[in-house]
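What follows is the content of query_31.pdb (PDB, C-alpha atoms, pLDDT in the B column).
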```pdb
ATOM      1  CA  MET F 274    -101.063 -37.245 -70.654  1.00 45.00           C
ATOM      2  CA  SER F 275     -97.330 -37.212 -70.416  1.00 43.00           C
ATOM      3  CA  MET F 276     -95.602 -34.140 -71.817  1.00 54.00           C
ATOM      4  CA  THR F 277     -92.388 -36.019 -72.666  1.00 62.00           C
ATOM      5  CA  LYS F 278     -93.748 -39.086 -74.459  1.00 87.00           C
ATOM      6  CA  LYS F 279     -95.833 -39.598 -77.561  1.00 91.00           C
ATOM      7  CA  ASN F 280     -99.579 -39.835 -77.056  1.00 93.00           C
ATOM      8  CA  CYS F 281    -102.391 -41.019 -79.288  1.00 95.00           C
ATOM      9  CA  GLY F 282    -106.006 -39.972 -79.529  1.00 96.00           C
ATOM     10  CA  ILE F 283    -108.434 -42.341 -81.241  1.00 96.00           C
ATOM     11  CA  ASP F 284    -111.947 -41.519 -82.394  1.00 95.00           C
ATOM     12  CA  ALA F 285    -113.911 -44.779 -82.665  1.00 93.00           C
ATOM     13  CA  HIS F 286    -116.931 -45.041 -84.964  1.00 91.00           C
ATOM     14  CA  ASN F 287    -119.030 -47.972 -86.123  1.00 91.00           C
ATOM     15  CA  ASP F 288    -116.868 -48.651 -89.192  1.00 93.00           C
ATOM     16  CA  LEU F 289    -113.959 -46.217 -88.832  1.00 94.00           C
ATOM     17  CA  LEU F 290    -111.136 -45.478 -86.401  1.00 95.00           C
ATOM     18  CA  VAL F 291    -109.209 -42.221 -86.730  1.00 96.00           C
ATOM     19  CA  ALA F 292    -105.954 -42.160 -84.757  1.00 97.00           C
ATOM     20  CA  THR F 293    -103.520 -39.272 -84.256  1.00 97.00           C
ATOM     21  CA  ILE F 294    -100.119 -39.564 -82.605  1.00 97.00           C
ATOM     22  CA  LEU F 295     -98.662 -36.371 -81.132  1.00 94.00           C
ATOM     23  CA  ASP F 296     -95.008 -35.984 -80.227  1.00 89.00           C
ATOM     24  CA  PRO F 297     -95.054 -33.144 -77.663  1.00 85.00           C
ATOM     25  CA  GLN F 298     -91.332 -32.459 -78.046  1.00 85.00           C
ATOM     26  CA  THR F 299     -91.537 -31.735 -81.788  1.00 86.00           C
ATOM     27  CA  GLN F 300     -95.285 -30.964 -82.046  1.00 88.00           C
ATOM     28  CA  HIS F 301     -95.332 -33.394 -85.004  1.00 91.00           C
ATOM     29  CA  LYS F 302     -98.723 -35.059 -85.613  1.00 95.00           C
ATOM     30  CA  GLN F 303     -99.472 -38.183 -87.631  1.00 95.00           C
ATOM     31  CA  THR F 304    -103.055 -39.125 -88.417  1.00 97.00           C
ATOM     32  CA  HIS F 305    -104.193 -42.420 -89.909  1.00 97.00           C
ATOM     33  CA  ARG F 306    -107.611 -43.871 -90.658  1.00 98.00           C
ATOM     34  CA  PHE F 307    -108.363 -47.529 -90.066  1.00 97.00           C
ATOM     35  CA  THR F 308    -111.475 -49.606 -90.451  1.00 96.00           C
ATOM     36  CA  ASN F 309    -113.064 -50.741 -87.203  1.00 94.00           C
ATOM     37  CA  SER F 310    -112.138 -54.371 -87.822  1.00 94.00           C
ATOM     38  CA  ILE F 311    -109.964 -56.890 -85.982  1.00 93.00           C
ATOM     39  CA  THR F 312    -107.388 -56.747 -88.801  1.00 95.00           C
ATOM     40  CA  ASP F 313    -107.048 -52.959 -88.660  1.00 96.00           C
ATOM     41  CA  ILE F 314    -107.142 -52.882 -84.861  1.00 95.00           C
ATOM     42  CA  GLU F 315    -104.057 -55.122 -84.967  1.00 94.00           C
ATOM     43  CA  GLN F 316    -102.553 -52.634 -87.436  1.00 96.00           C
ATOM     44  CA  ILE F 317    -103.211 -49.777 -85.002  1.00 96.00           C
ATOM     45  CA  LYS F 318    -101.475 -51.740 -82.261  1.00 94.00           C
ATOM     46  CA  ASN F 319     -98.466 -52.316 -84.517  1.00 95.00           C
ATOM     47  CA  TRP F 320     -98.462 -48.665 -85.658  1.00 96.00           C
ATOM     48  CA  LEU F 321     -98.438 -47.436 -82.053  1.00 94.00           C
ATOM     49  CA  THR F 322     -95.633 -49.843 -81.140  1.00 92.00           C
ATOM     50  CA  GLU F 323     -93.615 -48.866 -84.223  1.00 94.00           C
ATOM     51  CA  HIS F 324     -93.856 -45.190 -83.231  1.00 92.00           C
ATOM     52  CA  GLN F 325     -93.042 -45.929 -79.571  1.00 91.00           C
ATOM     53  CA  CYS F 326     -96.384 -44.551 -78.448  1.00 91.00           C
ATOM     54  CA  ASN F 327     -97.556 -46.209 -75.249  1.00 84.00           C
ATOM     55  CA  LYS F 328    -100.380 -43.873 -74.212  1.00 89.00           C
ATOM     56  CA  ALA F 329    -103.722 -43.759 -75.989  1.00 91.00           C
ATOM     57  CA  VAL F 330    -107.076 -42.202 -75.208  1.00 92.00           C
ATOM     58  CA  MET F 331    -110.259 -42.728 -77.146  1.00 92.00           C
ATOM     59  CA  GLU F 332    -113.623 -41.138 -77.744  1.00 90.00           C
ATOM     60  CA  SER F 333    -116.500 -43.305 -78.787  1.00 79.00           C
ATOM     61  CA  THR F 334    -120.255 -43.431 -78.961  1.00 77.00           C
ATOM     62  CA  GLY F 335    -121.952 -46.712 -78.184  1.00 86.00           C
ATOM     63  CA  ILE F 336    -119.956 -49.942 -77.954  1.00 89.00           C
ATOM     64  CA  TYR F 337    -117.541 -49.327 -80.832  1.00 88.00           C
ATOM     65  CA  TRP F 338    -114.626 -48.913 -78.421  1.00 88.00           C
ATOM     66  CA  VAL F 339    -114.794 -52.412 -76.913  1.00 90.00           C
ATOM     67  CA  PRO F 340    -112.668 -54.401 -79.442  1.00 90.00           C
ATOM     68  CA  LEU F 341    -110.087 -51.600 -79.582  1.00 91.00           C
ATOM     69  CA  TYR F 342    -109.875 -51.364 -75.794  1.00 90.00           C
ATOM     70  CA  THR F 343    -109.617 -55.139 -75.435  1.00 90.00           C
ATOM     71  CA  THR F 344    -106.809 -55.381 -77.995  1.00 89.00           C
ATOM     72  CA  LEU F 345    -104.796 -52.387 -76.810  1.00 87.00           C
ATOM     73  CA  GLY F 346    -105.338 -53.265 -73.160  1.00 82.00           C
ATOM     74  CA  SER F 347    -103.602 -56.592 -73.738  1.00 71.00           C
ATOM     75  CA  VAL F 348    -100.394 -54.724 -74.671  1.00 63.00           C
ATOM     76  CA  ARG F 349     -99.825 -53.322 -71.175  1.00 57.00           C
ATOM     77  CA  LYS F 350     -96.604 -54.368 -69.491  1.00 50.00           C
TER      78      LYS F 350
END
```
Rewrite the coordinates I just gave you, this time as structure tokens.
Amino acid sequence: MSMTKKNCGIDAHNDLLVATILDPQTQHKQTHRFTNSITDIEQIKNWLTEHQCNKAVMESTGIYWVPLYTTLGSVRK
């Protein structure tokens, strides 16, 4: 993880996604809960973009990470 840019950690569950953005310069954290649905995954993508966060890591059990990874992976430049 970069120590100068915002980073996000996402915990992916069957029906819930919990995402936290950390700004290492200010140590400010923002945590939001989303449903594990296509609509909310798009909202996570927009939330990350809005907060200029371009690094995300996730923890998941099973296959619950696949739609999130597919959607966020398409944002790469």
Enclosing box along x, y and z for every listed atom of region 308-313 of chain F, padded 8 Å each side, centre and size in Å, one decimal, as lines of an AutoDock Vina configuration file:
```
center_x = -110.1
center_y = -53.2
center_z = -88.2
size_x = 22.0
size_y = 23.3
size_z = 20.5
```
- So what do you get for CA of Leu321 (chain F) versus CA of Ser333 (chain F), distance-wise? 18.8 Å
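CA of Ile314 (chain F) is found 6.2 Å from CA of Leu341 (chain F).
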- Nearest candidate to Thr334 (chain F) (options F:Gln298, F:Thr304, F:Asn287, F:Ser310; using all atoms listed in the file):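 Closest residue, counting all atoms listed in the file: F:Asn287.
Taken over the whole file, the PyMOL selection byres ((chain F and resi 302) around 12) covers exactly Lys279, Asn280, Cys281, Gly282, Ala292, Thr293, Ile294, Leu295, Asp296, Pro297, Gln298, Thr299, Gln300, His301, Gln303, Thr304, His305 and His324 of chain F.
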Put those residues in a file: C-alpha atoms, as an mmCIF file, in the frame of the given file.
```cif
data_model
loop_
_atom_site.group_PDB
_atom_site.id
_atom_site.type_symbol
_atom_site.label_atom_id
_atom_site.label_comp_id
_atom_site.auth_asym_id
_atom_site.auth_seq_id
_atom_site.Cartn_x
_atom_site.Cartn_y
_atom_site.Cartn_z
ATOM 1 C CA LYS F 279 -95.833 -39.598 -77.561
ATOM 2 C CA ASN F 280 -99.579 -39.835 -77.056
ATOM 3 C CA CYS F 281 -102.391 -41.019 -79.288
ATOM 4 C CA GLY F 282 -106.006 -39.972 -79.529
ATOM 5 C CA ALA F 292 -105.954 -42.160 -84.757
ATOM 6 C CA THR F 293 -103.520 -39.272 -84.256
ATOM 7 C CA ILE F 294 -100.119 -39.564 -82.605
ATOM 8 C CA LEU F 295 -98.662 -36.371 -81.132
ATOM 9 C CA ASP F 296 -95.008 -35.984 -80.227
ATOM 10 C CA PRO F 297 -95.054 -33.144 -77.663
ATOM 11 C CA GLN F 298 -91.332 -32.459 -78.046
ATOM 12 C CA THR F 299 -91.537 -31.735 -81.788
ATOM 13 C CA GLN F 300 -95.285 -30.964 -82.046
ATOM 14 C CA HIS F 301 -95.332 -33.394 -85.004
ATOM 15 C CA GLN F 303 -99.472 -38.183 -87.631
ATOM 16 C CA THR F 304 -103.055 -39.125 -88.417
ATOM 17 C CA HIS F 305 -104.193 -42.420 -89.909
ATOM 18 C CA HIS F 324 -93.856 -45.190 -83.231
#
```
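If you count only C-alpha atoms and ignore residues fewer than 6 places along the chain from Phe307 (chain F), what sits within 6 Å of it is F:Leu289, F:Leu290, F:Asp313.
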- Item | Picked residues, the PyMOL selection byres ((chain F and resi 340) around 12), as a count of residues only | 25
- Message: Between CA of Trp320 (chain F) and CA of Glu332 (chain F), what is the distance in Å, rounded to a tenth?
- Response: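 Going from CA of Trp320 (chain F) over to CA of Glu332 (chain F), I get 18.7 Å.
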- Message: From the options F:Val291, F:Val330, F:Gly335, F:Gln325, which residue's atoms come nearest to Lys278 (chain F), counting all atoms listed in the file?
- Response: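 Smallest distance to Lys278 (chain F) is found for F:Gln325.
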Would you fill out region 291-302 of chain F with all heavy atoms and return it as a CSV table (one decimal), in the coordinates of the input?
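As written to disk, selection_24.csv reads:
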```csv
chain,number,residue,atom,x,y,z
F,291,VAL,N,-110.1,-43.3,-86.3
F,291,VAL,CA,-109.2,-42.2,-86.7
F,291,VAL,C,-108.2,-42.0,-85.6
F,291,VAL,O,-108.7,-41.7,-84.4
F,291,VAL,CB,-109.9,-40.9,-87.1
F,291,VAL,CG1,-108.9,-39.8,-87.5
F,291,VAL,CG2,-111.0,-41.1,-88.1
F,292,ALA,N,-107.0,-42.2,-85.8
F,292,ALA,CA,-106.0,-42.2,-84.8
F,292,ALA,C,-104.9,-41.1,-85.1
F,292,ALA,O,-104.4,-41.0,-86.2
F,292,ALA,CB,-105.3,-43.5,-84.6
F,293,THR,N,-104.6,-40.3,-84.1
F,293,THR,CA,-103.5,-39.3,-84.3
F,293,THR,C,-102.5,-39.4,-83.2
F,293,THR,O,-102.8,-39.4,-82.0
F,293,THR,CB,-104.1,-37.9,-84.2
F,293,THR,OG1,-105.1,-37.7,-85.3
F,293,THR,CG2,-103.0,-36.8,-84.3
F,294,ILE,N,-101.2,-39.5,-83.6
F,294,ILE,CA,-100.1,-39.6,-82.6
F,294,ILE,C,-99.5,-38.2,-82.6
F,294,ILE,O,-99.3,-37.5,-83.6
F,294,ILE,CB,-99.0,-40.6,-83.0
F,294,ILE,CG1,-99.5,-42.0,-83.0
F,294,ILE,CG2,-97.8,-40.4,-82.1
F,294,ILE,CD1,-98.6,-43.0,-83.5
F,295,LEU,N,-99.3,-37.7,-81.3
F,295,LEU,CA,-98.7,-36.4,-81.1
F,295,LEU,C,-97.4,-36.6,-80.4
F,295,LEU,O,-97.3,-37.2,-79.3
F,295,LEU,CB,-99.6,-35.4,-80.3
F,295,LEU,CG,-98.9,-34.1,-79.9
F,295,LEU,CD1,-98.6,-33.3,-81.1
F,295,LEU,CD2,-99.9,-33.4,-78.9
F,296,ASP,N,-96.3,-36.0,-80.9
F,296,ASP,CA,-95.0,-36.0,-80.2
F,296,ASP,C,-94.9,-34.6,-79.6
F,296,ASP,O,-94.7,-33.6,-80.3
F,296,ASP,CB,-93.9,-36.2,-81.2
F,296,ASP,CG,-92.5,-36.3,-80.5
F,296,ASP,OD1,-92.3,-35.7,-79.4
F,296,ASP,OD2,-91.6,-37.0,-81.1
F,297,PRO,N,-95.0,-34.5,-78.3
F,297,PRO,CA,-95.1,-33.1,-77.7
F,297,PRO,C,-93.7,-32.4,-77.8
F,297,PRO,O,-93.7,-31.2,-77.7
F,297,PRO,CB,-95.4,-33.4,-76.2
F,297,PRO,CG,-95.3,-34.8,-76.0
F,297,PRO,CD,-95.3,-35.5,-77.3
F,298,GLN,N,-92.6,-33.1,-77.9
F,298,GLN,CA,-91.3,-32.5,-78.0
F,298,GLN,C,-91.2,-31.7,-79.4
F,298,GLN,O,-90.6,-30.7,-79.5
F,298,GLN,CB,-90.2,-33.5,-77.8
F,298,GLN,CG,-90.1,-34.0,-76.4
F,298,GLN,CD,-89.0,-35.0,-76.2
F,298,GLN,OE1,-88.5,-35.6,-77.1
F,298,GLN,NE2,-88.6,-35.1,-75.0
F,299,THR,N,-91.7,-32.3,-80.5
F,299,THR,CA,-91.5,-31.7,-81.8
F,299,THR,C,-92.8,-31.1,-82.3
F,299,THR,O,-92.8,-30.5,-83.3
F,299,THR,CB,-91.1,-32.8,-82.8
F,299,THR,OG1,-92.1,-33.8,-82.9
F,299,THR,CG2,-89.8,-33.4,-82.4
F,300,GLN,N,-93.9,-31.4,-81.6
F,300,GLN,CA,-95.3,-31.0,-82.0
F,300,GLN,C,-95.7,-31.6,-83.4
F,300,GLN,O,-96.6,-31.2,-84.0
F,300,GLN,CB,-95.4,-29.4,-82.1
F,300,GLN,CG,-95.2,-28.7,-80.8
F,300,GLN,CD,-96.3,-29.2,-79.8
F,300,GLN,OE1,-97.4,-29.1,-80.1
F,300,GLN,NE2,-95.8,-29.6,-78.6
F,301,HIS,N,-95.0,-32.7,-83.8
F,301,HIS,CA,-95.3,-33.4,-85.0
F,301,HIS,C,-96.5,-34.3,-84.8
F,301,HIS,O,-96.6,-35.0,-83.8
F,301,HIS,CB,-94.1,-34.2,-85.5
F,301,HIS,CG,-94.4,-35.0,-86.7
F,301,HIS,ND1,-94.7,-36.3,-86.8
F,301,HIS,CD2,-94.4,-34.5,-88.0
F,301,HIS,CE1,-94.9,-36.7,-88.0
F,301,HIS,NE2,-94.7,-35.6,-88.8
F,302,LYS,N,-97.5,-34.2,-85.7
F,302,LYS,CA,-98.7,-35.1,-85.6
F,302,LYS,C,-98.8,-36.0,-86.8
F,302,LYS,O,-98.4,-35.6,-87.9
F,302,LYS,CB,-100.0,-34.2,-85.7
F,302,LYS,CG,-100.2,-33.3,-84.5
F,302,LYS,CD,-101.5,-32.5,-84.7
F,302,LYS,CE,-101.6,-31.4,-83.6
F,302,LYS,NZ,-102.8,-30.6,-83.9
```
